[in-house]
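Shown next, in C-alpha cells, is the structure this report addresses.
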Amino acid sequence: MHKGVLAAVLAVSVIVSAMAEREAFAAHPLITDDTGTQGKGKFQLEATGTWLTDQEDTGGEGVREIGSFAALVFAAGVSETLDLMVGVPYVWTETKETGQTTKDDGISDTVIEAKWRFYDKEKFSMAIKPGILLPTGDEEQGRGTGHVGYTAFLISTFETEPLAFDANIGYLYLENRLEERVNLWFASLATRFAVSEQWTIVGEIGATRNADPDYNSHPAFAQAGLIYSPSAKLDLSLGLLAGLNDAEVDQAVRVGVTIRF
C-alpha cells in the first residue's frame with residue numbers, strides 16, 4: 001500500500017511521520033502555515049497529537065491501518081521577521097492484514113526550518129520557509145527515509161478582520177531507497193475566522209503529489225477545526241481531517257497545545 005499524507009515517502013508509518021513533519025510549524029490544527037513570526041527574543045513551544053485510520057481492499061482482502069503521532073516543536077524569534085524552528089515527531093503504527101497485526105513505534109525524522117517574512121504591506125504578506133529533514137528515524141522500520149531531505153515553501157497571508165486567508169505552495173526533495181518519488185509538491189488553502197478574542201474557527205483543503213510512482217491519484221484532504229485562546233500566551237486546538245479521495249487516509253483527529261513565552 002502506498003498512500004500519502006503530506007509528502008509520504010514510505011508506507012503508512014512514514015505517511016504518519018511525514019504528516020507530522022509538514023504540519024510542525026503551522027498554527028495547529030492547520031497544516032497550512034501563515035506568515036506570522038514570533039518576534040525578536042520570543043519563543044513558542046507546541047505539543048500536538050494526531051490519530052488517523054485508513055481502510056483499503058487489496059485483492060479482495062481488507063487492510064486496516066491505524067497511525068498516531070505526537071510532535072514537539074520549538075520556535076525562536078531571531079528577528080521581527082525571522083524564526084528558526086525544530087520539530088521531532090514520535091510515531092505509533094498498527095497494520096491489520098489477513099488476520100495478522102503488526103505494530104511499531106519510535107522517533108521519526110527531525111525537521112529544522114526557518115521562516116522569513118520578506119513582504120508585509122497593509123493586509124497582505126508573504127514568506128519563504130526552507131527546511132531540512134534529518135534522518136533520525138529508523139529507515140528499516142519505515143519511520144524515516146534514511147537520507148537528508150530538503151523542503152521549500154512559499155507562504156502568503158491576506159488578513160481582513162475577522163477573516164484571514166493563507167496559501168501554501170511547497171517543494172519537497174525526499175530521497176529514499178524504496179523507489180518512491182523523490183520530487184514531491186504540496187499545495188493548500190486555509191481560512192481563519194475569529195469569532196471572538198478567545199475562539200477561532202479554521203478550515204482548509206490541500207493536496208500533495210503521490211509518492212508512489214505507480215499512481216497518479218494525488219492525496220487530497222479537507223479539515224475543519226477550532227482554536228481556543230484563554231490568553232495571548234496559550235492556544236488549545238482541535239481539528240477533524242478527512243480524505244477527499246482513496247489516495248488519502250480516511251480520517252484523522254488532531255489536538256494541540258501551544259505556549260508562547
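Every chain in the C-alpha cells takes a letter, A first, then B, and so on in the order presented; its residues are numbered from 1, and the ligands are numbered from 1 following the presented order.
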Determine, using only C-alpha atoms, which residues of region 71-122 of chain A have any atom at most 12 Å from an atom of region 157-180 of chain A, and tabulate each with its shortest atom pair and distance in Å to one decimal place, rows ordered by chain and then rising number, as a tab-separated table.
residue	atom	partner	partner_atom	distance
A:Asp109	CA	A:Leu174	CA	11.3
A:Arg117	CA	A:Thr157	CA	10.4
A:Tyr119	CA	A:Thr157	CA	10.3
A:Asp120	CA	A:Thr157	CA	9.4
A:Lys121	CA	A:Phe158	CA	10.0
A:Glu122	CA	A:Glu159	CA	8.8
Write the residues you've just listed into a file as a compact mmCIF listing (two decimals), in the first residue's frame, and include N, CA, C and O atoms for each of them.
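To be explicit, this is the file written out as selection-v3.txt:
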# COMPACT_ATOMS: atom_id res chain seq x y z
N ASP A 109 11.83 11.28 11.50
CA ASP A 109 12.86 12.24 11.08
C ASP A 109 12.62 13.62 11.70
O ASP A 109 11.49 14.10 11.76
N ARG A 117 9.60 36.37 6.73
CA ARG A 117 8.55 37.18 6.11
C ARG A 117 9.23 38.34 5.39
O ARG A 117 9.69 39.29 6.01
N TYR A 119 7.85 40.18 2.82
CA TYR A 119 6.96 41.23 2.30
C TYR A 119 5.79 41.38 3.25
O TYR A 119 5.16 40.40 3.64
N ASP A 120 5.51 42.62 3.62
CA ASP A 120 4.41 42.87 4.56
C ASP A 120 3.89 44.29 4.32
O ASP A 120 4.52 45.28 4.71
N LYS A 121 2.75 44.40 3.66
CA LYS A 121 2.19 45.70 3.35
C LYS A 121 0.68 45.65 3.51
O LYS A 121 0.01 44.84 2.87
N GLU A 122 0.18 46.50 4.39
CA GLU A 122 -1.24 46.58 4.68
C GLU A 122 -1.79 45.21 5.07
O GLU A 122 -1.36 44.65 6.06
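The spacing separating CA of His147 (chain A) from CA of Leu72 (chain A) amounts to 21.4 Å.
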Tell me, as a list in words, which residues lie within 7 Å of Leu82 (chain A), counting only C-alpha atoms; anything in the same chain fewer than 6 positions away does not count.
-> Thr37, Lys115, Trp116 and Arg117 of chain A
Go ahead and write the residues just picked, all heavy atoms, as a tab-separated table (two decimals), in the first residue's frame.
chain	number	residue	atom	x	y	z
A	37	THR	N	5.29	35.48	12.53
A	37	THR	CA	6.52	35.08	13.22
A	37	THR	C	6.41	35.42	14.70
A	37	THR	O	5.53	36.19	15.11
A	37	THR	CB	7.76	35.75	12.60
A	37	THR	OG1	7.53	37.17	12.54
A	37	THR	CG2	8.01	35.24	11.19
A	115	LYS	N	11.69	30.51	8.85
A	115	LYS	CA	10.62	31.25	8.14
A	115	LYS	C	10.95	32.73	8.14
A	115	LYS	O	11.15	33.34	9.19
A	115	LYS	CB	9.26	31.01	8.80
A	115	LYS	CG	8.13	31.75	8.08
A	115	LYS	CD	6.76	31.24	8.46
A	115	LYS	CE	6.42	31.45	9.91
A	115	LYS	NZ	5.02	31.10	10.23
A	116	TRP	N	11.04	33.29	6.93
A	116	TRP	CA	11.36	34.71	6.77
A	116	TRP	C	10.22	35.42	6.05
A	116	TRP	O	9.91	35.09	4.91
A	116	TRP	CB	12.66	34.88	5.98
A	116	TRP	CG	12.98	36.32	5.66
A	116	TRP	CD1	12.90	37.38	6.50
A	116	TRP	CD2	13.39	36.83	4.39
A	116	TRP	NE1	13.25	38.54	5.86
A	116	TRP	CE2	13.57	38.23	4.56
A	116	TRP	CE3	13.66	36.26	3.15
A	116	TRP	CZ2	13.98	39.06	3.51
A	116	TRP	CZ3	14.07	37.07	2.10
A	116	TRP	CH2	14.22	38.45	2.30
A	117	ARG	N	9.60	36.37	6.73
A	117	ARG	CA	8.55	37.18	6.11
A	117	ARG	C	9.23	38.34	5.39
A	117	ARG	O	9.69	39.29	6.01
A	117	ARG	CB	7.57	37.68	7.17
A	117	ARG	CG	6.33	38.36	6.58
A	117	ARG	CD	5.31	38.72	7.65
A	117	ARG	NE	5.80	39.68	8.60
A	117	ARG	CZ	6.13	39.40	9.85
A	117	ARG	NH1	6.03	38.15	10.31
A	117	ARG	NH2	6.58	40.33	10.67
Which distance in Å separates CA of Tyr228 (chain A) and CA of Ser196 (chain A), to one decimal?
-> 9.7 Å
All strand (DSSP E) positions in region 100-214 of chain A, as a PyMOL selection string | chain A and resi 100-107+110-121+124-134+149-160+163-173+183-194+199-208
Gap from CA of Arg181 (chain A) to CA of Ala211 (chain A) - Å, one decimal |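 Taking CA of Arg181 (chain A) as the start and CA of Ala211 (chain A) as the end point, the length is 4.8 Å.
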